[in-house]
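Asker: To be precise about what I am sending: the file is called entry_0.cif and holds mmCIF, C-alpha atoms and all ligand atoms.
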```
data_protein
loop_
_atom_site.group_PDB
_atom_site.id
_atom_site.type_symbol
_atom_site.label_atom_id
_atom_site.label_comp_id
_atom_site.auth_asym_id
_atom_site.auth_seq_id
_atom_site.Cartn_x
_atom_site.Cartn_y
_atom_site.Cartn_z
ATOM 1 C CA MET A 157 221.398 11.112 128.163
ATOM 2 C CA ARG A 158 222.344 9.116 125.064
ATOM 3 C CA GLU A 159 219.828 9.338 122.254
ATOM 4 C CA ARG A 160 219.565 7.064 119.216
ATOM 5 C CA LYS A 161 216.868 8.767 117.222
ATOM 6 C CA ASP A 162 217.805 6.843 114.071
ATOM 7 C CA VAL A 163 216.938 3.463 115.575
ATOM 8 C CA CYS A 164 213.936 4.937 117.362
ATOM 9 C CA MET A 165 212.134 5.088 114.045
ATOM 10 C CA ASN A 166 209.305 2.646 113.797
ATOM 11 C CA SER A 167 209.887 -0.061 111.206
ATOM 12 C CA LYS A 168 206.212 -0.486 110.338
ATOM 13 C CA GLU A 169 205.922 3.295 109.852
ATOM 14 C CA ARG A 170 208.899 3.240 107.494
ATOM 15 C CA GLU A 171 207.250 0.530 105.457
ATOM 16 C CA GLY A 172 204.089 2.648 105.212
ATOM 17 C CA ALA A 173 201.984 -0.315 106.259
ATOM 18 C CA SER A 174 198.224 0.055 106.551
ATOM 19 C CA TYR A 175 196.225 -1.548 109.335
ATOM 20 C CA GLU A 176 192.826 -2.940 110.037
ATOM 21 C CA ARG A 177 190.972 -0.837 112.588
ATOM 22 C CA VAL A 178 190.796 -2.219 116.105
ATOM 23 C CA THR A 179 187.265 -3.199 117.119
ATOM 24 C CA ASP A 180 185.516 -2.308 120.402
ATOM 25 C CA GLN A 181 185.541 -6.024 121.232
ATOM 26 C CA GLN A 182 189.342 -6.126 120.851
ATOM 27 C CA LEU A 183 189.684 -3.180 123.243
ATOM 28 C CA GLN A 184 187.471 -5.006 125.726
ATOM 29 C CA ASP A 185 189.581 -8.172 125.288
ATOM 30 C CA GLN A 186 192.691 -6.110 125.989
ATOM 31 C CA LEU A 187 191.235 -4.801 129.241
ATOM 32 C CA ASN A 188 190.167 -8.340 130.210
ATOM 33 C CA TYR A 189 193.720 -9.515 129.567
ATOM 34 C CA TYR A 190 195.053 -7.002 132.106
ATOM 35 C CA ARG A 191 192.398 -8.062 134.626
ATOM 36 C CA GLU A 192 193.680 -11.625 134.323
ATOM 37 C CA ARG A 193 197.332 -10.638 134.245
ATOM 38 C CA ALA A 194 197.156 -8.390 137.341
ATOM 39 C CA PRO A 195 198.702 -10.839 139.873
ATOM 40 C CA GLU A 196 201.671 -11.588 137.602
ATOM 41 C CA TYR A 197 202.055 -8.160 135.951
ATOM 42 C CA ASP A 198 204.905 -6.844 138.119
ATOM 43 C CA ASP A 199 207.163 -9.798 137.184
ATOM 44 C CA TRP A 200 207.721 -7.978 133.885
ATOM 45 C CA TRP A 201 208.711 -4.709 135.554
ATOM 46 C CA TYR A 202 210.990 -6.288 138.148
ATOM 47 C CA ARG A 203 212.460 -8.814 135.655
ATOM 48 C CA ARG A 204 211.343 -11.869 137.597
ATOM 49 C CA GLY A 205 210.553 -15.387 136.373
ATOM 50 C CA THR A 206 210.535 -15.652 132.579
ATOM 51 C CA PHE A 207 211.423 -11.931 132.316
ATOM 52 C CA ASN A 208 214.732 -12.497 134.085
ATOM 53 C CA HIS A 209 217.252 -12.468 131.236
ATOM 54 C CA GLY A 210 220.334 -12.587 133.427
ATOM 55 C CA ASP A 211 222.382 -10.088 135.411
ATOM 56 C CA GLU A 212 223.733 -8.063 132.513
ATOM 57 C CA ALA A 213 220.408 -7.648 130.706
ATOM 58 C CA ASN A 214 218.693 -6.827 133.997
ATOM 59 C CA ARG A 215 221.363 -4.260 134.868
ATOM 60 C CA ILE A 216 220.800 -2.524 131.519
ATOM 61 C CA TRP A 217 217.020 -2.579 132.075
ATOM 62 C CA PHE A 218 217.231 -1.026 135.548
ATOM 63 C CA ASP A 219 219.882 1.503 134.431
ATOM 64 C CA GLU A 220 217.558 2.622 131.657
ATOM 65 C CA VAL A 221 214.593 2.776 134.051
ATOM 66 C CA SER A 222 216.740 5.085 136.199
ATOM 67 C CA MET A 223 217.622 7.226 133.176
ATOM 68 C CA VAL A 224 213.940 7.767 132.396
ATOM 69 C CA LYS A 225 213.081 8.445 136.038
ATOM 70 C CA GLU A 226 215.874 11.037 136.260
ATOM 71 C CA SER A 227 214.593 12.742 133.118
ATOM 72 C CA PHE A 228 211.119 12.854 134.638
ATOM 73 C CA LYS A 229 212.378 14.238 137.961
ATOM 74 C CA ALA A 230 214.446 16.910 136.213
ATOM 75 C CA GLU A 231 211.243 18.430 134.814
ATOM 76 C CA HIS A 232 209.796 19.202 138.270
ATOM 77 C CA PHE A 233 206.248 17.981 137.741
ATOM 78 C CA GLU A 234 203.908 19.195 140.484
ATOM 79 C CA GLY A 235 200.410 20.146 141.565
ATOM 80 C CA ASP A 236 197.273 18.193 140.715
ATOM 81 C CA PHE A 237 198.573 15.141 138.863
ATOM 82 C CA LEU A 238 196.585 12.757 136.652
ATOM 83 C CA GLU A 239 197.871 9.288 135.816
ATOM 84 C CA LEU A 240 196.039 7.417 133.054
ATOM 85 C CA ALA A 241 196.098 3.584 132.954
ATOM 86 C CA ALA A 242 197.977 3.568 136.265
ATOM 87 C CA GLY A 243 197.766 -0.209 136.718
ATOM 88 C CA THR A 244 199.750 -1.776 139.543
ATOM 89 C CA GLY A 245 201.521 1.524 140.218
ATOM 90 C CA THR A 246 204.989 0.897 138.852
ATOM 91 C CA TRP A 247 205.197 4.682 138.338
ATOM 92 C CA SER A 248 202.433 5.964 140.624
ATOM 93 C CA CYS A 249 204.663 6.185 143.724
ATOM 94 C CA LEU A 250 207.115 8.423 141.902
ATOM 95 C CA PHE A 251 204.291 10.624 140.604
ATOM 96 C CA LEU A 252 202.763 10.913 144.067
ATOM 97 C CA LYS A 253 206.076 12.188 145.460
ATOM 98 C CA GLU A 254 205.881 15.186 143.107
ATOM 99 C CA ALA A 255 202.136 15.791 143.372
ATOM 100 C CA ARG A 256 199.811 17.744 145.655
ATOM 101 C CA THR A 257 197.029 15.370 144.631
ATOM 102 C CA LEU A 258 197.144 12.328 142.365
ATOM 103 C CA THR A 259 194.180 11.021 140.377
ATOM 104 C CA VAL A 260 194.653 7.520 138.982
ATOM 105 C CA VAL A 261 192.387 6.187 136.234
ATOM 106 C CA ASP A 262 192.277 2.570 135.088
ATOM 107 C CA GLY A 263 189.655 0.182 133.765
ATOM 108 C CA SER A 264 190.813 -2.731 135.907
ATOM 109 C CA VAL A 265 190.033 -3.013 139.610
ATOM 110 C CA GLU A 266 192.332 -6.048 139.616
ATOM 111 C CA MET A 267 195.361 -4.031 138.409
ATOM 112 C CA LEU A 268 194.608 -1.154 140.796
ATOM 113 C CA SER A 269 194.298 -3.569 143.731
ATOM 114 C CA HIS A 270 198.100 -3.985 143.500
ATOM 115 C CA ASN A 271 198.742 -0.229 143.312
ATOM 116 C CA PRO A 272 200.112 1.020 146.648
ATOM 117 C CA VAL A 273 199.052 4.648 146.142
ATOM 118 C CA VAL A 274 195.308 4.024 146.131
ATOM 119 C CA ALA A 275 195.318 3.887 149.938
ATOM 120 C CA GLU A 276 196.892 7.350 150.254
ATOM 121 C CA PRO A 277 194.661 10.227 151.414
ATOM 122 C CA ASN A 278 195.535 12.595 148.565
ATOM 123 C CA VAL A 279 194.865 9.992 145.861
ATOM 124 C CA ARG A 280 191.583 9.780 143.964
ATOM 125 C CA THR A 281 190.893 6.501 142.175
ATOM 126 C CA ILE A 282 188.655 6.343 139.111
ATOM 127 C CA ILE A 283 187.664 3.053 137.502
ATOM 128 C CA ALA A 284 186.803 3.926 133.919
ATOM 129 C CA ASP A 285 187.224 2.966 130.300
ATOM 130 C CA LEU A 286 189.767 5.417 128.903
ATOM 131 C CA PHE A 287 188.189 5.221 125.470
ATOM 132 C CA SER A 288 185.077 6.972 126.779
ATOM 133 C CA TRP A 289 186.301 8.748 129.942
ATOM 134 C CA SER A 290 186.599 12.523 130.075
ATOM 135 C CA PRO A 291 188.026 14.661 132.883
ATOM 136 C CA ASP A 292 185.903 16.638 135.352
ATOM 137 C CA GLN A 293 188.730 19.001 136.321
ATOM 138 C CA LEU A 294 191.951 20.460 134.947
ATOM 139 C CA TYR A 295 195.372 19.135 135.963
ATOM 140 C CA ASP A 296 198.891 20.577 136.285
ATOM 141 C CA SER A 297 200.456 17.277 135.209
ATOM 142 C CA VAL A 298 199.340 14.245 133.187
ATOM 143 C CA ALA A 299 201.257 10.987 132.697
ATOM 144 C CA PHE A 300 200.678 7.583 131.126
ATOM 145 C CA THR A 301 203.210 4.787 131.306
ATOM 146 C CA PHE A 302 203.182 1.743 129.031
ATOM 147 C CA TRP A 303 199.817 2.804 127.667
ATOM 148 C CA ILE A 304 200.475 4.630 124.406
ATOM 149 C CA SER A 305 201.566 1.375 122.706
ATOM 150 C CA HIS A 306 198.162 -0.122 123.543
ATOM 151 C CA LEU A 307 196.300 2.571 121.619
ATOM 152 C CA PRO A 308 194.944 1.842 118.156
ATOM 153 C CA ARG A 309 196.540 4.110 115.552
ATOM 154 C CA GLU A 310 193.128 5.477 114.573
ATOM 155 C CA ARG A 311 192.545 6.582 118.190
ATOM 156 C CA LEU A 312 195.878 8.293 118.844
ATOM 157 C CA VAL A 313 194.695 11.798 117.891
ATOM 158 C CA GLY A 314 191.527 11.358 119.960
ATOM 159 C CA PHE A 315 193.562 10.227 122.944
ATOM 160 C CA PHE A 316 195.953 13.182 122.759
ATOM 161 C CA THR A 317 192.967 15.520 122.355
ATOM 162 C CA MET A 318 191.621 14.148 125.636
ATOM 163 C CA VAL A 319 195.050 14.539 127.309
ATOM 164 C CA SER A 320 195.222 18.152 126.162
ATOM 165 C CA ARG A 321 191.720 18.767 127.570
ATOM 166 C CA CYS A 322 192.942 17.467 130.928
ATOM 167 C CA LEU A 323 195.817 19.960 131.131
ATOM 168 C CA LYS A 324 195.928 23.555 132.287
ATOM 169 C CA THR A 325 197.841 25.890 129.986
ATOM 170 C CA GLY A 326 201.500 25.398 130.916
ATOM 171 C CA GLY A 327 200.677 21.997 132.423
ATOM 172 C CA LYS A 328 203.142 19.179 131.810
ATOM 173 C CA MET A 329 202.821 15.690 130.343
ATOM 174 C CA PHE A 330 205.026 12.620 130.513
ATOM 175 C CA PHE A 331 204.901 9.191 128.936
ATOM 176 C CA VAL A 332 207.149 6.149 128.730
ATOM 177 C CA ASP A 333 206.741 2.931 126.776
ATOM 178 C CA ASP A 334 208.569 0.023 125.201
ATOM 179 C CA ARG A 335 210.817 0.501 122.240
ATOM 180 C CA GLU A 336 209.901 -1.852 119.423
ATOM 181 C CA VAL A 337 213.141 -3.811 119.496
ATOM 182 C CA ALA A 338 212.629 -4.711 123.150
ATOM 183 C CA GLY A 339 208.828 -4.878 123.326
ATOM 184 C CA THR A 340 208.541 -7.600 120.700
ATOM 185 C CA ARG A 341 211.112 -9.909 122.318
ATOM 186 C CA GLU A 342 209.591 -10.383 125.753
ATOM 187 C CA SER A 343 208.843 -13.914 126.946
ATOM 188 C CA HIS A 344 205.061 -13.415 127.010
ATOM 189 C CA VAL A 345 204.898 -12.465 123.314
ATOM 190 C CA VAL A 346 203.625 -15.333 121.189
ATOM 191 C CA GLY A 347 203.025 -13.517 117.894
ATOM 192 C CA ALA A 348 202.162 -10.202 116.266
ATOM 193 C CA SER A 349 200.050 -9.101 113.335
ATOM 194 C CA GLY A 350 199.008 -5.621 112.222
ATOM 195 C CA GLN A 351 198.092 -3.601 115.294
ATOM 196 C CA THR A 352 197.835 -6.626 117.542
ATOM 197 C CA MET A 353 200.047 -8.972 119.505
ATOM 198 C CA ILE A 354 199.309 -12.378 121.013
ATOM 199 C CA ARG A 355 200.340 -12.606 124.662
ATOM 200 C CA LYS A 356 200.649 -15.633 126.938
ATOM 201 C CA LEU A 357 199.658 -15.707 130.606
ATOM 202 C CA ASN A 358 201.355 -17.886 133.237
ATOM 203 C CA ASN A 359 198.395 -20.298 133.165
ATOM 204 C CA GLY A 360 198.980 -20.885 129.437
ATOM 205 C CA ASP A 361 195.978 -18.832 128.236
ATOM 206 C CA HIS A 362 196.553 -16.661 125.188
ATOM 207 C CA ALA A 363 195.077 -13.208 124.601
ATOM 208 C CA ILE A 364 195.119 -10.738 121.722
ATOM 209 C CA ILE A 365 196.017 -7.185 122.686
ATOM 210 C CA VAL A 366 196.748 -3.972 120.795
ATOM 211 C CA LYS A 367 200.465 -3.223 120.446
ATOM 212 C CA ASN A 368 201.739 -0.375 118.305
ATOM 213 C CA PHE A 369 205.160 1.216 118.203
ATOM 214 C CA PHE A 370 204.774 4.829 117.196
ATOM 215 C CA GLY A 371 207.636 6.826 115.742
ATOM 216 C CA ASP A 372 209.013 9.671 117.864
ATOM 217 C CA LYS A 373 208.175 12.301 115.278
ATOM 218 C CA ASP A 374 204.650 10.969 114.751
ATOM 219 C CA ILE A 375 203.913 11.290 118.451
ATOM 220 C CA GLN A 376 205.441 14.765 118.589
ATOM 221 C CA GLN A 377 203.383 15.906 115.597
ATOM 222 C CA ILE A 378 200.125 14.615 117.005
ATOM 223 C CA ALA A 379 200.851 16.228 120.374
ATOM 224 C CA SER A 380 201.671 19.494 118.619
ATOM 225 C CA LYS A 381 198.304 19.447 116.802
ATOM 226 C CA VAL A 382 196.510 19.469 120.154
ATOM 227 C CA GLY A 383 198.711 22.190 121.664
ATOM 228 C CA ILE A 384 201.296 20.070 123.486
ATOM 229 C CA GLU A 385 204.956 20.712 122.754
ATOM 230 C CA LEU A 386 206.426 17.269 123.302
ATOM 231 C CA HIS A 387 210.010 16.026 123.083
ATOM 232 C CA VAL A 388 210.360 12.287 122.551
ATOM 233 C CA HIS A 389 213.582 10.404 123.307
ATOM 234 C CA CYS A 390 214.777 6.815 123.577
ATOM 235 C CA THR A 391 217.080 5.009 125.954
ATOM 236 C CA PRO A 392 219.666 2.836 124.168
ATOM 237 C CA THR A 393 217.733 -0.439 124.359
ATOM 238 C CA TYR A 394 214.401 -0.523 126.089
ATOM 239 C CA PHE A 395 212.365 2.647 126.399
ATOM 240 C CA GLN A 396 210.792 5.486 124.476
ATOM 241 C CA TYR A 397 209.669 8.431 126.572
ATOM 242 C CA GLY A 398 208.452 11.963 126.193
ATOM 243 C CA VAL A 399 208.181 15.124 128.230
ATOM 244 C CA GLY A 400 206.118 18.086 127.159
ATOM 245 C CA SER A 401 203.908 20.974 128.127
ATOM 246 C CA LYS A 402 200.660 22.472 126.946
ATOM 247 C CA THR A 403 201.347 25.726 125.197
ATOM 248 C CA VAL A 404 197.860 27.119 124.574
HETATM 249 C C1 LIG B 1 200.521 -2.139 130.162
HETATM 250 S S1 LIG B 1 199.523 -1.749 131.548
HETATM 251 C C2 LIG B 1 200.345 -0.284 132.177
HETATM 252 C C3 LIG B 1 200.200 -0.146 133.655
HETATM 253 C C4 LIG B 1 201.110 0.898 134.321
HETATM 254 N N1 LIG B 1 200.834 2.211 133.804
HETATM 255 C C5 LIG B 1 202.572 0.559 134.145
HETATM 256 O O1 LIG B 1 203.353 1.399 133.719
HETATM 257 O O2 LIG B 1 202.973 -0.551 134.502
HETATM 258 C C6 LIG B 1 198.083 -1.102 130.792
HETATM 259 C C7 LIG B 1 197.019 -0.660 131.757
HETATM 260 O O3 LIG B 1 195.916 -0.153 131.008
HETATM 261 C C8 LIG B 1 194.718 -0.583 131.611
HETATM 262 N N2 LIG B 1 193.672 -0.587 130.578
HETATM 263 C C9 LIG B 1 193.583 -1.408 129.508
HETATM 264 N N3 LIG B 1 192.516 -1.074 128.761
HETATM 265 C C10 LIG B 1 191.919 -0.030 129.383
HETATM 266 C C11 LIG B 1 190.781 0.760 129.097
HETATM 267 N N4 LIG B 1 190.036 0.568 128.006
HETATM 268 N N5 LIG B 1 190.454 1.756 129.953
HETATM 269 C C12 LIG B 1 191.194 1.985 131.074
HETATM 270 N N6 LIG B 1 192.294 1.271 131.386
HETATM 271 C C13 LIG B 1 192.652 0.277 130.553
HETATM 272 C C14 LIG B 1 195.025 -1.940 132.166
HETATM 273 O O4 LIG B 1 194.132 -2.309 133.195
HETATM 274 C C15 LIG B 1 196.459 -1.748 132.653
HETATM 275 O O5 LIG B 1 196.485 -1.331 133.991
#
```
Show the structure stored in the file as structure tokens.
Ligand SMILES: C[S@@+](CC[C@H](N)C(=O)[O-])C[C@H]1O[C@@H](n2cnc3c(N)ncnc32)[C@H](O)[C@@H]1O
Answerer:
Amino acid sequence: MRERKDVCMNSKEREGASYERVTDQQLQDQLNYYRERAPEYDDWWYRRGTFNHGDEANRIWFDEVSMVKESFKAEHFEGDFLELAAGTGTWSCLFLKEARTLTVVDGSVEMLSHNPVVAEPNVRTIIADLFSWSPDQLYDSVAFTFWISHLPRERLVGFFTMVSRCLKTGGKMFFVDDREVAGTRESHVVGASGQTMIRKLNNGDHAIIVKNFFGDKDIQQIASKVGIELHVHCTPTYFQYGVGSKTV
């Protein structure tokens, strides 16, 4: 696996920028955006329509997706598996293959209605707001994909505290998200300011969402504070991902 930790650093972090806090209404607007985007969401993942940047760019995207998937598989996740913000299930099928049971949590029924795993007998589906949800059992594995970048900076410690509470000692966690250089150049991005980004839907509507690009070391340090030893890496162009385990 090639790593480019130098360019993984977050430019806004380097500048030491300060940010306005994200309001509860903005978090609600973000969830509403995903409700509306649900039918078109997978175009981004499969590089269809306006996300199709040509054969070479698509090949690099899918190669890097494979790199991250291989890194995940190499860690042998297992047991009772929790996926937060599961959405349309771009990763849920892979997680289910490794799991005894899979619990998927998301605030959008519309996103989950496209997720193929929800019909499986060993899958539990929870519709909940992740900013107030807390687990009712312990898990062997916890994952969240393309979710960490939608967390307000001021809520990152709280979120990782919740993740740690979900995990058994020795339990494993995994995340993947956009790298800044790629995440800001997608065709649905109209603008960005502070912790937010303006996104465009296919019908022309615009929505403001939270979009942060956290530095590898910042994520590792926060995870460490809540008892998760996490190793964060980047693929050459598109993705930041991390694999870790709860040590206490
Ligand atoms: C960028 S999508 C990621 C979906 C999927 N994990 C993936 O990798 O494609 C973000 C997901 O977070 C969900 N979401 C947004 N705000 C939420 C909230 N407050 N509580 C629970 N889920 C939320 C959305 O419905 C959406 O499914």
Asker: Just want the 12 Å neighbourhood of Arg309 (chain A), counted on only C-alpha atoms, with same-chain residues fewer than 3 positions away dropped. Output as a PDB file with C-alpha atoms, keeping the file's coordinate frame.
Answerer:
```pdb
ATOM      1  CA  LYS A 168     206.212  -0.486 110.338  1.00  0.00           C
ATOM      2  CA  GLU A 169     205.922   3.295 109.852  1.00  0.00           C
ATOM      3  CA  ALA A 173     201.984  -0.315 106.259  1.00  0.00           C
ATOM      4  CA  SER A 174     198.224   0.055 106.551  1.00  0.00           C
ATOM      5  CA  TYR A 175     196.225  -1.548 109.335  1.00  0.00           C
ATOM      6  CA  GLU A 176     192.826  -2.940 110.037  1.00  0.00           C
ATOM      7  CA  ARG A 177     190.972  -0.837 112.588  1.00  0.00           C
ATOM      8  CA  VAL A 178     190.796  -2.219 116.105  1.00  0.00           C
ATOM      9  CA  THR A 179     187.265  -3.199 117.119  1.00  0.00           C
ATOM     10  CA  ILE A 304     200.475   4.630 124.406  1.00  0.00           C
ATOM     11  CA  SER A 305     201.566   1.375 122.706  1.00  0.00           C
ATOM     12  CA  HIS A 306     198.162  -0.122 123.543  1.00  0.00           C
ATOM     13  CA  LEU A 312     195.878   8.293 118.844  1.00  0.00           C
ATOM     14  CA  VAL A 313     194.695  11.798 117.891  1.00  0.00           C
ATOM     15  CA  GLY A 314     191.527  11.358 119.960  1.00  0.00           C
ATOM     16  CA  PHE A 315     193.562  10.227 122.944  1.00  0.00           C
ATOM     17  CA  PHE A 316     195.953  13.182 122.759  1.00  0.00           C
ATOM     18  CA  GLY A 350     199.008  -5.621 112.222  1.00  0.00           C
ATOM     19  CA  GLN A 351     198.092  -3.601 115.294  1.00  0.00           C
ATOM     20  CA  THR A 352     197.835  -6.626 117.542  1.00  0.00           C
ATOM     21  CA  VAL A 366     196.748  -3.972 120.795  1.00  0.00           C
ATOM     22  CA  LYS A 367     200.465  -3.223 120.446  1.00  0.00           C
ATOM     23  CA  ASN A 368     201.739  -0.375 118.305  1.00  0.00           C
ATOM     24  CA  PHE A 369     205.160   1.216 118.203  1.00  0.00           C
ATOM     25  CA  PHE A 370     204.774   4.829 117.196  1.00  0.00           C
ATOM     26  CA  GLY A 371     207.636   6.826 115.742  1.00  0.00           C
ATOM     27  CA  ASP A 374     204.650  10.969 114.751  1.00  0.00           C
ATOM     28  CA  ILE A 375     203.913  11.290 118.451  1.00  0.00           C
ATOM     29  CA  ILE A 378     200.125  14.615 117.005  1.00  0.00           C
TER      30      ILE A 378
END
```
Asker: Smallest atom-to-atom distance to ligand LIG 1 (chain B): which of A:Phe251, A:Tyr397, A:Phe287, A:Phe330, using all atoms listed in the file?
Answerer: A:Phe287
Asker: Residues picked by the PyMOL selection byres (((not hetatm)) within 7 of (chain B and resi 1)) here, as a list in words?
Answerer: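 With the PyMOL selection byres (((not hetatm)) within 7 of (chain B and resi 1)) on this model, the match is Leu183, Gln184, Gln186, Leu187, Tyr190, Arg191, Ala241, Ala242, Gly243, Thr244, Gly245, Thr246, Trp247, Val261, Asp262, Gly263, Ser264, Met267, Ala284, Asp285, Leu286, Phe287, Phe300, Thr301, Phe302 and Trp303 of chain A.
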Asker: Find the residue from A:Met318, A:Ile216, A:Met223, A:Leu252 that sits nearest to Val279 (chain A); use all atoms listed in the file when measuring.
Answerer: A:Leu252
Asker: What residues come out when you apply the PyMOL selection byres (((chain A and resi 384) around 6) and not hetatm) to this file, written as a PyMOL selection string?
Answerer: chain A and resi 379-380+382-383+385-386+401-403
Asker: Which is closest to Glu231 (chain A) among A:His270, A:Lys253, A:Arg215, A:Lys328, if we use only C-alpha atoms?
Answerer: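 Residue with the minimum atom-to-atom distance to Glu231 (chain A): A:Lys328.
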Asker: For CA of Phe233 (chain A) and CA of Thr393 (chain A), quote the distance in Å rounded to one decimal.
Answerer: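 Interatomic distance, CA of Phe233 (chain A) to CA of Thr393 (chain A): 25.5 Å.
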Asker: Could you state the separation of CA of Glu234 (chain A) and CA of Met329 (chain A) in Å, given to one decimal place?
Answerer: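 Here the two named atoms are 10.8 Å from each other.
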Asker: Between CA of Asp236 (chain A) and CA of Thr259 (chain A), what distance in Å does the model show, to one decimal?
Answerer: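 Those two atoms sit 7.8 Å apart.
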Asker: Between region 312-362 of chain A and region 289-299 of chain A, at 10 Å or less, what are the per-residue closest atom pairs and their distances in Å? Count all atoms listed in the file, order by chain and rising residue number, and return it as JSON lines.
Answerer:
```
{"residue": "A:Met318", "atom": "CA", "partner": "A:Ser290", "partner_atom": "CA", "distance": 6.9}
{"residue": "A:Val319", "atom": "CA", "partner": "A:Val298", "partner_atom": "CA", "distance": 7.3}
{"residue": "A:Ser320", "atom": "CA", "partner": "A:Val298", "partner_atom": "CA", "distance": 9.0}
{"residue": "A:Arg321", "atom": "CA", "partner": "A:Leu294", "partner_atom": "CA", "distance": 7.6}
{"residue": "A:Cys322", "atom": "CA", "partner": "A:Leu294", "partner_atom": "CA", "distance": 5.1}
{"residue": "A:Leu323", "atom": "CA", "partner": "A:Tyr295", "partner_atom": "CA", "distance": 4.9}
{"residue": "A:Lys324", "atom": "CA", "partner": "A:Leu294", "partner_atom": "CA", "distance": 5.7}
{"residue": "A:Thr325", "atom": "CA", "partner": "A:Asp296", "partner_atom": "CA", "distance": 8.3}
{"residue": "A:Gly326", "atom": "CA", "partner": "A:Asp296", "partner_atom": "CA", "distance": 7.7}
{"residue": "A:Gly327", "atom": "CA", "partner": "A:Asp296", "partner_atom": "CA", "distance": 4.5}
{"residue": "A:Lys328", "atom": "CA", "partner": "A:Ser297", "partner_atom": "CA", "distance": 4.7}
{"residue": "A:Met329", "atom": "CA", "partner": "A:Val298", "partner_atom": "CA", "distance": 4.7}
{"residue": "A:Phe330", "atom": "CA", "partner": "A:Ala299", "partner_atom": "CA", "distance": 4.7}
{"residue": "A:Phe331", "atom": "CA", "partner": "A:Ala299", "partner_atom": "CA", "distance": 5.5}
{"residue": "A:Val332", "atom": "CA", "partner": "A:Ala299", "partner_atom": "CA", "distance": 8.6}
```
Asker: For the provided coordinates, the residues matched by the PyMOL selection byres (((chain A and resi 193-204) around 7) and not hetatm) should be stated as a list in words.
Answerer: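 Here the PyMOL selection byres (((chain A and resi 193-204) around 7) and not hetatm) matches Tyr189, Tyr190, Arg191, Glu192, Gly205, Thr206, Phe207, Asn208, Asn214, Glu266, Met267 and Leu357 of chain A.
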Asker: Hey, can you pull every residue with an atom no more than 9 Å from (212.1, -3.7, 120.1), using only C-alpha atoms, and send it as a list in words?
Answerer: Asp334, Arg335, Glu336, Val337, Ala338, Gly339, Thr340, Arg341, Phe369, Thr393, Tyr394 and Phe395 of chain A
Asker: Mind giving me the axis-aligned box for region 377-385 of chain A with 5 Å on every side, centre plus edges in Å to one decimal, as AutoDock Vina command-line options?
Answerer:
```
--center_x 200.7 --center_y 18.4 --center_z 119.5 --size_x 18.4 --size_y 17.6 --size_z 17.9
```
Asker: I need the residue nearest His362 (chain A) from this list: A:Val221, A:Asn188, A:Asp180, A:Arg311. Use all atoms listed in the file for the distance.
Answerer: A:Asn188
Asker: With distances taken over all atoms listed in the file, which of A:Val265, A:Val345, A:Leu250, A:Val260 is nearest to Ile282 (chain A)?
Answerer: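 Closest candidate: A:Val260.
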